[in-house]
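Enquirer: This is final.csv (CSV, N, CA and C atoms and all ligand atoms).
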chain,number,residue,atom,x,y,z
A,15,MET,N,19.0,18.0,6.6
A,15,MET,CA,18.1,18.0,5.5
A,15,MET,C,18.3,16.7,4.6
A,16,LYS,N,19.6,16.4,4.5
A,16,LYS,CA,19.9,15.2,3.7
A,16,LYS,C,19.2,13.9,4.3
A,17,LYS,N,19.3,13.9,5.6
A,17,LYS,CA,18.7,12.8,6.4
A,17,LYS,C,17.2,12.7,6.1
A,18,VAL,N,16.6,13.8,6.1
A,18,VAL,CA,15.1,13.9,5.9
A,18,VAL,C,14.8,13.4,4.5
A,19,LEU,N,15.6,13.8,3.5
A,19,LEU,CA,15.4,13.4,2.1
A,19,LEU,C,15.5,11.9,2.0
A,20,GLY,N,16.6,11.4,2.6
A,20,GLY,CA,16.9,10.0,2.6
A,20,GLY,C,15.7,9.2,3.2
A,21,PHE,N,15.2,9.7,4.3
A,21,PHE,CA,14.1,9.0,4.9
A,21,PHE,C,12.8,9.1,4.0
A,22,LEU,N,12.6,10.2,3.4
A,22,LEU,CA,11.4,10.4,2.6
A,22,LEU,C,11.5,9.4,1.4
A,23,SER,N,12.7,9.3,0.8
A,23,SER,CA,12.8,8.5,-0.4
A,23,SER,C,12.6,7.0,0.0
A,24,LEU,N,13.0,6.7,1.2
A,24,LEU,CA,12.9,5.3,1.7
A,24,LEU,C,11.4,5.0,1.8
A,25,ILE,N,10.6,5.9,2.4
A,25,ILE,CA,9.2,5.7,2.5
A,25,ILE,C,8.6,5.6,1.1
A,26,LEU,N,9.0,6.4,0.2
A,26,LEU,CA,8.5,6.4,-1.2
A,26,LEU,C,8.7,5.0,-1.8
A,27,LEU,N,10.0,4.6,-1.6
A,27,LEU,CA,10.4,3.3,-2.2
A,27,LEU,C,9.5,2.2,-1.6
A,28,MET,N,9.3,2.2,-0.3
A,28,MET,CA,8.5,1.2,0.3
A,28,MET,C,7.1,1.2,-0.2
A,29,SER,N,6.5,2.3,-0.3
A,29,SER,CA,5.1,2.4,-0.8
A,29,SER,C,5.0,2.0,-2.2
A,30,VAL,N,6.0,2.3,-3.0
A,30,VAL,CA,5.9,1.9,-4.4
A,30,VAL,C,6.1,0.4,-4.6
A,31,SER,N,7.0,-0.2,-3.8
A,31,SER,CA,7.2,-1.7,-3.9
A,31,SER,C,5.9,-2.4,-3.3
A,32,GLY,N,5.3,-1.8,-2.3
A,32,GLY,CA,4.1,-2.4,-1.7
A,32,GLY,C,3.0,-2.4,-2.8
A,33,TYR,N,2.9,-1.3,-3.5
A,33,TYR,CA,1.9,-1.2,-4.5
A,33,TYR,C,2.1,-2.2,-5.6
A,34,ALA,N,3.4,-2.3,-6.0
A,34,ALA,CA,3.7,-3.2,-7.1
A,34,ALA,C,3.4,-4.6,-6.7
A,35,GLN,N,3.6,-5.0,-5.5
A,35,GLN,CA,3.3,-6.3,-5.0
A,35,GLN,C,1.8,-6.6,-5.1
A,36,LYS,N,1.0,-5.6,-4.7
A,36,LYS,CA,-0.4,-5.7,-4.7
A,36,LYS,C,-0.9,-5.9,-6.1
A,37,ALA,N,-0.4,-5.0,-7.0
A,37,ALA,CA,-0.8,-5.0,-8.4
A,37,ALA,C,-0.5,-6.4,-9.0
A,38,ALA,N,0.5,-7.0,-8.6
A,38,ALA,CA,0.9,-8.3,-9.2
A,38,ALA,C,-0.1,-9.4,-8.9
A,39,THR,N,-0.8,-9.4,-7.8
A,39,THR,CA,-1.6,-10.5,-7.4
A,39,THR,C,-3.1,-10.2,-7.7
A,40,VAL,N,-3.5,-8.9,-7.8
A,40,VAL,CA,-4.9,-8.6,-8.0
A,40,VAL,C,-5.2,-8.6,-9.5
A,41,GLU,N,-6.1,-9.5,-9.9
A,41,GLU,CA,-6.5,-9.6,-11.3
A,41,GLU,C,-8.0,-9.3,-11.5
A,42,GLU,N,-8.4,-9.1,-12.7
A,42,GLU,CA,-9.8,-8.9,-12.9
A,42,GLU,C,-10.3,-9.8,-14.0
A,43,VAL,N,-11.5,-10.3,-13.7
A,43,VAL,CA,-12.2,-11.2,-14.7
A,43,VAL,C,-13.6,-10.6,-14.9
A,44,LYS,N,-14.2,-11.0,-16.0
A,44,LYS,CA,-15.6,-10.6,-16.3
A,44,LYS,C,-16.3,-11.9,-16.8
A,45,PHE,N,-17.5,-12.1,-16.2
A,45,PHE,CA,-18.4,-13.2,-16.6
A,45,PHE,C,-19.7,-12.7,-17.0
A,46,LYS,N,-20.3,-13.4,-18.0
A,46,LYS,CA,-21.7,-13.1,-18.3
A,46,LYS,C,-22.6,-13.9,-17.4
A,47,THR,N,-23.5,-13.2,-16.8
A,47,THR,CA,-24.4,-13.9,-15.8
A,47,THR,C,-25.8,-13.9,-16.3
A,48,SER,N,-26.7,-14.6,-15.5
A,48,SER,CA,-28.1,-14.6,-15.9
A,48,SER,C,-28.9,-13.7,-15.0
A,49,ALA,N,-28.2,-12.6,-14.4
A,49,ALA,CA,-28.9,-11.6,-13.6
A,49,ALA,C,-30.0,-11.0,-14.3
A,50,LYS,N,-31.1,-10.6,-13.6
A,50,LYS,CA,-32.3,-10.0,-14.1
A,50,LYS,C,-32.5,-8.5,-13.7
A,51,CYS,N,-32.3,-8.3,-12.4
A,51,CYS,CA,-32.7,-7.0,-11.9
A,51,CYS,C,-31.8,-6.5,-10.8
A,52,GLY,N,-32.2,-5.3,-10.2
A,52,GLY,CA,-31.3,-4.7,-9.2
A,52,GLY,C,-31.2,-5.6,-8.0
A,53,MET,N,-32.2,-6.5,-7.7
A,53,MET,CA,-32.0,-7.4,-6.6
A,53,MET,C,-30.9,-8.4,-6.9
A,54,CYS,N,-30.9,-8.9,-8.1
A,54,CYS,CA,-29.9,-9.8,-8.5
A,54,CYS,C,-28.5,-9.2,-8.4
A,55,LYS,N,-28.4,-8.0,-8.8
A,55,LYS,CA,-27.2,-7.2,-8.8
A,55,LYS,C,-26.7,-7.2,-7.3
A,56,GLU,N,-27.6,-6.7,-6.4
A,56,GLU,CA,-27.2,-6.7,-5.0
A,56,GLU,C,-26.8,-8.0,-4.4
A,57,ARG,N,-27.6,-9.0,-4.8
A,57,ARG,CA,-27.3,-10.4,-4.2
A,57,ARG,C,-25.9,-10.9,-4.7
A,58,ILE,N,-25.7,-10.7,-6.0
A,58,ILE,CA,-24.4,-11.2,-6.5
A,58,ILE,C,-23.2,-10.4,-6.0
A,59,GLU,N,-23.4,-9.1,-6.0
A,59,GLU,CA,-22.3,-8.3,-5.5
A,59,GLU,C,-22.0,-8.5,-4.0
A,60,HIS,N,-23.1,-8.6,-3.2
A,60,HIS,CA,-23.0,-8.9,-1.8
A,60,HIS,C,-22.3,-10.2,-1.5
A,61,ASP,N,-22.8,-11.3,-2.1
A,61,ASP,CA,-22.3,-12.6,-1.8
A,61,ASP,C,-20.8,-12.7,-2.3
A,62,LEU,N,-20.5,-12.1,-3.4
A,62,LEU,CA,-19.2,-12.2,-3.9
A,62,LEU,C,-18.2,-11.4,-3.0
A,63,SER,N,-18.7,-10.3,-2.5
A,63,SER,CA,-17.9,-9.4,-1.6
A,63,SER,C,-17.5,-10.2,-0.4
A,64,LEU,N,-18.3,-11.2,0.0
A,64,LEU,CA,-18.0,-12.0,1.2
A,64,LEU,C,-17.2,-13.2,0.9
A,65,THR,N,-16.9,-13.4,-0.4
A,65,THR,CA,-16.2,-14.6,-0.9
A,65,THR,C,-14.7,-14.4,-0.7
A,66,LYS,N,-14.0,-15.4,-0.3
A,66,LYS,CA,-12.6,-15.4,-0.1
A,66,LYS,C,-11.8,-15.0,-1.4
A,67,GLY,N,-10.9,-14.0,-1.2
A,67,GLY,CA,-10.1,-13.6,-2.3
A,67,GLY,C,-10.7,-12.5,-3.2
A,68,VAL,N,-12.0,-12.2,-3.0
A,68,VAL,CA,-12.6,-11.2,-3.8
A,68,VAL,C,-12.3,-9.8,-3.2
A,69,GLU,N,-11.8,-8.9,-4.1
A,69,GLU,CA,-11.5,-7.5,-3.6
A,69,GLU,C,-12.7,-6.6,-3.9
A,70,LYS,N,-13.3,-6.9,-5.1
A,70,LYS,CA,-14.4,-6.0,-5.5
A,70,LYS,C,-15.2,-6.7,-6.6
A,71,ALA,N,-16.5,-6.6,-6.6
A,71,ALA,CA,-17.4,-7.2,-7.6
A,71,ALA,C,-18.5,-6.1,-8.0
A,72,VAL,N,-18.6,-5.9,-9.3
A,72,VAL,CA,-19.5,-4.9,-9.8
A,72,VAL,C,-20.3,-5.6,-10.9
A,73,LEU,N,-21.6,-5.6,-10.8
A,73,LEU,CA,-22.4,-6.2,-11.9
A,73,LEU,C,-23.0,-5.1,-12.7
A,74,ASN,N,-22.9,-5.2,-14.0
A,74,ASN,CA,-23.5,-4.2,-14.9
A,74,ASN,C,-24.8,-4.8,-15.4
A,75,LEU,N,-25.9,-4.1,-15.1
A,75,LEU,CA,-27.2,-4.7,-15.5
A,75,LEU,C,-27.5,-4.5,-17.0
A,76,ASP,N,-26.8,-3.6,-17.6
A,76,ASP,CA,-27.0,-3.4,-19.1
A,76,ASP,C,-26.6,-4.6,-19.9
A,77,ASP,N,-25.4,-5.2,-19.6
A,77,ASP,CA,-25.0,-6.3,-20.3
A,77,ASP,C,-24.9,-7.6,-19.4
A,78,LYS,N,-25.3,-7.5,-18.2
A,78,LYS,CA,-25.4,-8.6,-17.2
A,78,LYS,C,-24.0,-9.2,-17.0
A,79,THR,N,-23.0,-8.5,-17.2
A,79,THR,CA,-21.7,-9.0,-16.9
A,79,THR,C,-21.2,-8.5,-15.5
A,80,VAL,N,-20.5,-9.4,-14.8
A,80,VAL,CA,-20.0,-9.0,-13.5
A,80,VAL,C,-18.5,-8.9,-13.6
A,81,SER,N,-17.9,-7.8,-13.1
A,81,SER,CA,-16.5,-7.6,-13.1
A,81,SER,C,-16.0,-7.9,-11.7
A,82,ILE,N,-15.0,-8.8,-11.6
A,82,ILE,CA,-14.5,-9.1,-10.3
A,82,ILE,C,-13.0,-8.9,-10.2
A,83,SER,N,-12.6,-8.1,-9.2
A,83,SER,CA,-11.2,-7.9,-8.9
A,83,SER,C,-10.9,-9.0,-7.8
A,84,TYR,N,-9.9,-9.8,-8.0
A,84,TYR,CA,-9.7,-10.8,-7.0
A,84,TYR,C,-8.2,-11.0,-6.8
A,85,ASN,N,-7.9,-11.6,-5.7
A,85,ASN,CA,-6.5,-11.9,-5.4
A,85,ASN,C,-6.2,-13.3,-5.9
A,86,ALA,N,-5.3,-13.3,-6.9
A,86,ALA,CA,-5.0,-14.5,-7.6
A,86,ALA,C,-4.3,-15.6,-6.7
A,87,LYS,N,-3.8,-15.2,-5.6
A,87,LYS,CA,-3.2,-16.1,-4.7
A,87,LYS,C,-4.3,-16.8,-3.8
A,88,LYS,N,-5.5,-16.3,-3.8
A,88,LYS,CA,-6.5,-16.8,-2.9
A,88,LYS,C,-7.7,-17.5,-3.6
A,89,THR,N,-7.9,-17.1,-4.9
A,89,THR,CA,-9.0,-17.7,-5.6
A,89,THR,C,-8.7,-17.7,-7.1
A,90,SER,N,-9.6,-18.3,-7.9
A,90,SER,CA,-9.3,-18.4,-9.3
A,90,SER,C,-10.6,-18.1,-10.1
A,91,PRO,N,-10.6,-17.8,-11.4
A,91,PRO,CA,-11.8,-17.6,-12.1
A,91,PRO,C,-12.7,-18.8,-12.1
A,92,GLU,N,-12.2,-20.0,-12.0
A,92,GLU,CA,-13.0,-21.2,-12.0
A,92,GLU,C,-13.8,-21.3,-10.7
A,93,LYS,N,-13.1,-21.0,-9.6
A,93,LYS,CA,-13.8,-21.0,-8.3
A,93,LYS,C,-14.9,-19.9,-8.2
A,94,LEU,N,-14.6,-18.7,-8.8
A,94,LEU,CA,-15.5,-17.6,-8.8
A,94,LEU,C,-16.8,-18.0,-9.6
A,95,LYS,N,-16.6,-18.7,-10.7
A,95,LYS,CA,-17.8,-19.1,-11.5
A,95,LYS,C,-18.6,-20.1,-10.7
A,96,VAL,N,-18.0,-21.0,-10.0
A,96,VAL,CA,-18.7,-22.0,-9.2
A,96,VAL,C,-19.5,-21.2,-8.1
A,97,LYS,N,-18.9,-20.2,-7.5
A,97,LYS,CA,-19.5,-19.4,-6.5
A,97,LYS,C,-20.8,-18.8,-7.0
A,98,ILE,N,-20.7,-18.2,-8.2
A,98,ILE,CA,-21.8,-17.5,-8.8
A,98,ILE,C,-22.9,-18.5,-9.1
A,99,SER,N,-22.5,-19.7,-9.6
A,99,SER,CA,-23.5,-20.8,-9.8
A,99,SER,C,-24.2,-21.1,-8.5
A,100,LYS,N,-23.5,-21.1,-7.4
A,100,LYS,CA,-24.1,-21.5,-6.1
A,100,LYS,C,-25.0,-20.4,-5.6
A,101,ILE,N,-24.8,-19.1,-6.0
A,101,ILE,CA,-25.7,-18.0,-5.7
A,101,ILE,C,-27.0,-18.2,-6.5
A,102,GLY,N,-26.9,-18.9,-7.6
A,102,GLY,CA,-28.1,-19.2,-8.4
A,102,GLY,C,-28.1,-18.6,-9.8
A,103,TYR,N,-26.9,-18.2,-10.3
A,103,TYR,CA,-26.8,-17.6,-11.6
A,103,TYR,C,-25.8,-18.3,-12.5
A,104,ASP,N,-26.1,-18.2,-13.8
A,104,ASP,CA,-25.1,-18.7,-14.7
A,104,ASP,C,-23.8,-17.8,-14.7
A,105,ALA,N,-22.7,-18.3,-14.9
A,105,ALA,CA,-21.5,-17.5,-15.1
A,105,ALA,C,-20.7,-18.1,-16.3
A,106,ASP,N,-20.8,-17.4,-17.4
A,106,ASP,CA,-20.3,-18.0,-18.7
A,106,ASP,C,-20.8,-19.4,-18.9
A,107,GLU,N,-19.9,-20.4,-19.1
A,107,GLU,CA,-20.4,-21.7,-19.4
A,107,GLU,C,-20.8,-22.5,-18.2
A,108,VAL,N,-20.6,-22.0,-17.0
A,108,VAL,CA,-21.1,-22.7,-15.8
A,108,VAL,C,-22.5,-22.3,-15.5
A,109,ILE,N,-23.4,-23.4,-15.6
A,109,ILE,CA,-24.8,-23.2,-15.4
A,109,ILE,C,-25.2,-23.0,-13.9
A,110,ALA,N,-26.2,-22.2,-13.6
A,110,ALA,CA,-26.6,-22.0,-12.2
A,110,ALA,C,-26.9,-23.3,-11.5
A,111,ASP,N,-26.5,-23.4,-10.3
A,111,ASP,CA,-26.9,-24.5,-9.5
A,111,ASP,C,-28.4,-24.5,-9.4
A,112,GLN,N,-29.1,-25.6,-9.7
A,112,GLN,CA,-30.5,-25.6,-9.8
A,112,GLN,C,-31.2,-25.3,-8.5
A,113,LYS,N,-30.7,-25.9,-7.4
A,113,LYS,CA,-31.4,-25.6,-6.1
A,113,LYS,C,-31.3,-24.2,-5.7
A,114,ALA,N,-30.1,-23.6,-5.9
A,114,ALA,CA,-29.9,-22.2,-5.6
A,114,ALA,C,-30.7,-21.3,-6.4
A,115,HIS,N,-30.8,-21.7,-7.7
A,115,HIS,CA,-31.6,-20.9,-8.7
A,115,HIS,C,-33.1,-20.9,-8.3
A,116,ASP,N,-33.6,-22.1,-7.9
A,116,ASP,CA,-35.0,-22.3,-7.5
A,116,ASP,C,-35.4,-21.5,-6.2
A,117,ARG,N,-34.4,-21.2,-5.4
A,117,ARG,CA,-34.6,-20.5,-4.2
A,117,ARG,C,-34.7,-19.0,-4.4
A,118,LEU,N,-34.3,-18.5,-5.6
A,118,LEU,CA,-34.4,-17.1,-5.9
A,118,LEU,C,-35.8,-16.7,-6.0
A,119,PRO,N,-36.1,-15.4,-5.7
A,119,PRO,CA,-37.5,-14.9,-5.9
A,119,PRO,C,-37.9,-15.1,-7.4
A,120,ASP,N,-39.2,-15.3,-7.7
A,120,ASP,CA,-39.6,-15.6,-9.0
A,120,ASP,C,-39.1,-14.6,-10.1
A,121,CYS,N,-39.1,-13.3,-9.7
A,121,CYS,CA,-38.7,-12.3,-10.7
A,121,CYS,C,-37.2,-12.4,-11.0
A,122,CYS,N,-36.4,-13.1,-10.2
A,122,CYS,CA,-35.0,-13.2,-10.5
A,122,CYS,C,-34.6,-14.5,-11.2
A,123,GLN,N,-35.6,-15.4,-11.4
A,123,GLN,CA,-35.3,-16.7,-12.1
A,123,GLN,C,-35.2,-16.4,-13.6
A,124,LYS,N,-34.5,-17.4,-14.2
A,124,LYS,CA,-34.1,-17.2,-15.6
A,124,LYS,C,-35.4,-17.1,-16.5
A,125,THR,N,-36.5,-17.7,-16.1
A,125,THR,CA,-37.7,-17.7,-16.9
A,125,THR,C,-38.4,-16.4,-16.8
A,126,ALA,N,-38.0,-15.5,-15.8
A,126,ALA,CA,-38.7,-14.2,-15.6
A,126,ALA,C,-38.4,-13.3,-16.8
A,127,ASP,N,-39.4,-12.4,-17.0
A,127,ASP,CA,-39.2,-11.4,-18.1
A,127,ASP,C,-38.2,-10.4,-17.6
A,128,ALA,N,-37.5,-9.9,-18.5
A,128,ALA,CA,-36.5,-8.8,-18.1
A,128,ALA,C,-37.3,-7.6,-17.5
A,129,HIS,N,-36.8,-7.1,-16.4
A,129,HIS,CA,-37.4,-5.9,-15.8
A,129,HIS,C,-36.3,-5.2,-15.1
A,130,GLN,N,-36.6,-4.0,-14.6
A,130,GLN,CA,-35.6,-3.3,-13.9
A,130,GLN,C,-35.8,-3.4,-12.4
E,201,CU,CU,-33.5,-10.2,-9.7
In structure tokens, what does this structure look like?
Ligand SMILES: [Cu+2]

Expert:
Amino acid sequence: MKKVLGFLSLILLMSVSGYAQKAATVEEVKFKTSAKCGMCKERIEHDLSLTKGVEKAVLNLDDKTVSISYNAKKTSPEKLKVKISKIGYDADEVIADQKAHDRLPDCCQKTADAHQ
């Protein structure tokens, strides 16, 4: 019985330290974007999810902010803002890459009226 308890606590200890390690490198940032609609949301979330170091990206269409969980060892907020710009959207002070923006459907461009 003692042996089993020792084994169990070892597993517990390992999973706790594994979790602590993960928590230490995963950080979260929020950027204000120029997203317009559900298509923008899908495009940004999809492209970010394929981006190196990104764990999770969720765009809130109410306030147009994107929340990104990322691995701080693999990427940085600066790189993520440049990535969003290359998708065609503003990210805080980083303005959308003009070519990428112009490739977006008309309804997703910054001049478009807000719609759902
Ligand atoms: Cu759109």

Enquirer: Return as a tab-separated table the residues of chain A lying at most 6 Å from ligand CU 201 (chain E), together with the closest atom-to-atom pair for each and the distance in Å to one decimal, counting all atoms listed in the file, with rows in chain order and ascending residue number.

Expert:
residue	atom	partner	partner_atom	distance
A:Ala49	C	E:CU201	CU	5.8
A:Lys50	C	E:CU201	CU	4.5
A:Cys51	N	E:CU201	CU	3.5
A:Gly52	N	E:CU201	CU	5.1
A:Met53	C	E:CU201	CU	4.2
A:Cys54	N	E:CU201	CU	3.3
A:Lys55	N	E:CU201	CU	5.6
A:Cys121	C	E:CU201	CU	4.5
A:Cys122	CA	E:CU201	CU	3.4
A:Gln123	N	E:CU201	CU	5.9

Enquirer: Could you tell me how far atom CA of Val68 of chain A lies from atom CA of Leu26 of chain A, in Å and to one decimal?

Expert: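 Pair atom CA of Val68 of chain A / atom CA of Leu26 of chain A returns 27.6 Å.
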
Enquirer: From the options A:Phe45, A:Val40, A:Lys93, A:Asp106, which residue's atoms come nearest to Asp77 of chain A, counting only N, CA and C atoms?

Expert: A:Phe45

Enquirer: Give the strand (DSSP E or B) residues of chain A, as assigned by DSSP on the backbone, as a list in words.

Expert: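 Written out, the strand (DSSP E or B) residues of chain A are Val40, Glu41, Glu42, Val43, Lys44, Phe45, Lys46, Thr47, Val68, Glu69, Lys70, Ala71, Val72, Leu73, Asn74, Thr79, Val80, Ser81, Ile82, Ser83, Tyr84, Asn85, Ala105 and Val108 of chain A.
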
Enquirer: Which one is closest to Lys95 of chain A: A:Leu75, A:Val108, A:Val18, A:Val30? Count only N, CA and C atoms.

Expert: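 With only N, CA and C atoms as the atom set, the closest residue is A:Val108.
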
Enquirer: Please measure the separation of atom CA of Lys16 of chain A and atom CA of Met28 of chain A, giving the value in Å to one decimal.

Expert: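 Taking atom CA of Lys16 of chain A and atom CA of Met28 of chain A, their separation equals 18.4 Å.
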
Enquirer: What does the distance from atom CA of His115 of chain A to atom CA of Pro91 of chain A come to in Å, to one decimal?

Expert: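 The value is 20.4 Å.
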
Enquirer: Calculated over all atoms listed in the file, which of the candidates A:Ala126, A:Leu24, A:Ile101, A:Ala114 has the smallest distance to Arg57 of chain A?

Expert: A:Ile101

Enquirer: Pick out the closest residue to Thr39 of chain A from this set: A:Ala110, A:Ala86, A:Val80, A:Leu118. Count only N, CA and C atoms.

Expert: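 Closest candidate: A:Ala86.
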
Enquirer: Taking the chain letters and numbering used in this document, name the residues of chain A that DSSP puts in alpha helix (DSSP H), as a count of residues only.

Expert: 53

Enquirer: Give me, as an mmCIF file with N, CA and C atoms, in the coordinates of the input, all polymer residues having an atom no more than 9 Å from Ile98 of chain A, counting only C-alpha atoms and skipping those fewer than 2 positions away in the same chain.

Expert:
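That gives us out09.cif:
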data_model
loop_
_atom_site.group_PDB
_atom_site.id
_atom_site.type_symbol
_atom_site.label_atom_id
_atom_site.label_comp_id
_atom_site.auth_asym_id
_atom_site.auth_seq_id
_atom_site.Cartn_x
_atom_site.Cartn_y
_atom_site.Cartn_z
ATOM 1 N N THR A 47 -23.500 -13.200 -16.800
ATOM 2 C CA THR A 47 -24.400 -13.900 -15.800
ATOM 3 C C THR A 47 -25.800 -13.900 -16.300
ATOM 4 N N ILE A 58 -25.700 -10.700 -6.000
ATOM 5 C CA ILE A 58 -24.400 -11.200 -6.500
ATOM 6 C C ILE A 58 -23.200 -10.400 -6.000
ATOM 7 N N ASP A 61 -22.800 -11.300 -2.100
ATOM 8 C CA ASP A 61 -22.300 -12.600 -1.800
ATOM 9 C C ASP A 61 -20.800 -12.700 -2.300
ATOM 10 N N LEU A 62 -20.500 -12.100 -3.400
ATOM 11 C CA LEU A 62 -19.200 -12.200 -3.900
ATOM 12 C C LEU A 62 -18.200 -11.400 -3.000
ATOM 13 N N LYS A 93 -13.100 -21.000 -9.600
ATOM 14 C CA LYS A 93 -13.800 -21.000 -8.300
ATOM 15 C C LYS A 93 -14.900 -19.900 -8.200
ATOM 16 N N LEU A 94 -14.600 -18.700 -8.800
ATOM 17 C CA LEU A 94 -15.500 -17.600 -8.800
ATOM 18 C C LEU A 94 -16.800 -18.000 -9.600
ATOM 19 N N LYS A 95 -16.600 -18.700 -10.700
ATOM 20 C CA LYS A 95 -17.800 -19.100 -11.500
ATOM 21 C C LYS A 95 -18.600 -20.100 -10.700
ATOM 22 N N VAL A 96 -18.000 -21.000 -10.000
ATOM 23 C CA VAL A 96 -18.700 -22.000 -9.200
ATOM 24 C C VAL A 96 -19.500 -21.200 -8.100
ATOM 25 N N LYS A 100 -23.500 -21.100 -7.400
ATOM 26 C CA LYS A 100 -24.100 -21.500 -6.100
ATOM 27 C C LYS A 100 -25.000 -20.400 -5.600
ATOM 28 N N ILE A 101 -24.800 -19.100 -6.000
ATOM 29 C CA ILE A 101 -25.700 -18.000 -5.700
ATOM 30 C C ILE A 101 -27.000 -18.200 -6.500
ATOM 31 N N GLY A 102 -26.900 -18.900 -7.600
ATOM 32 C CA GLY A 102 -28.100 -19.200 -8.400
ATOM 33 C C GLY A 102 -28.100 -18.600 -9.800
ATOM 34 N N TYR A 103 -26.900 -18.200 -10.300
ATOM 35 C CA TYR A 103 -26.800 -17.600 -11.600
ATOM 36 C C TYR A 103 -25.800 -18.300 -12.500
ATOM 37 N N ASP A 104 -26.100 -18.200 -13.800
ATOM 38 C CA ASP A 104 -25.100 -18.700 -14.700
ATOM 39 C C ASP A 104 -23.800 -17.800 -14.700
ATOM 40 N N ALA A 105 -22.700 -18.300 -14.900
ATOM 41 C CA ALA A 105 -21.500 -17.500 -15.100
ATOM 42 C C ALA A 105 -20.700 -18.100 -16.300
ATOM 43 N N VAL A 108 -20.600 -22.000 -17.000
ATOM 44 C CA VAL A 108 -21.100 -22.700 -15.800
ATOM 45 C C VAL A 108 -22.500 -22.300 -15.500
ATOM 46 N N ALA A 110 -26.200 -22.200 -13.600
ATOM 47 C CA ALA A 110 -26.600 -22.000 -12.200
ATOM 48 C C ALA A 110 -26.900 -23.300 -11.500
ATOM 49 N N ASP A 111 -26.500 -23.400 -10.300
ATOM 50 C CA ASP A 111 -26.900 -24.500 -9.500
ATOM 51 C C ASP A 111 -28.400 -24.500 -9.400
#

Enquirer: Given only N, CA and C atoms as the basis, pick out the residue of A:Lys97, A:Leu27, A:Glu56, A:Lys87 nearest to Leu73 of chain A.

Expert: A:Glu56

Enquirer: Set the distance at 6.5 Å and use only N, CA and C atoms: which residues neighbour Ser81 of chain A once local chain neighbours fewer than 5 positions away are removed? I'd like the list as a list in words.

Expert: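 Listing them by chain and then by number gives Glu42, Val43, Lys44, Phe45, Lys70, Ala71, Val72, Leu73 and Asn74 of chain A.
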
Enquirer: Select, from A:Gln112, A:Ser99, A:Ser48, A:Ser23, the residue with the minimum atom-to-atom distance to Lys78 of chain A, counting only N, CA and C atoms.

Expert: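 Nearest to Lys78 of chain A: A:Ser48.
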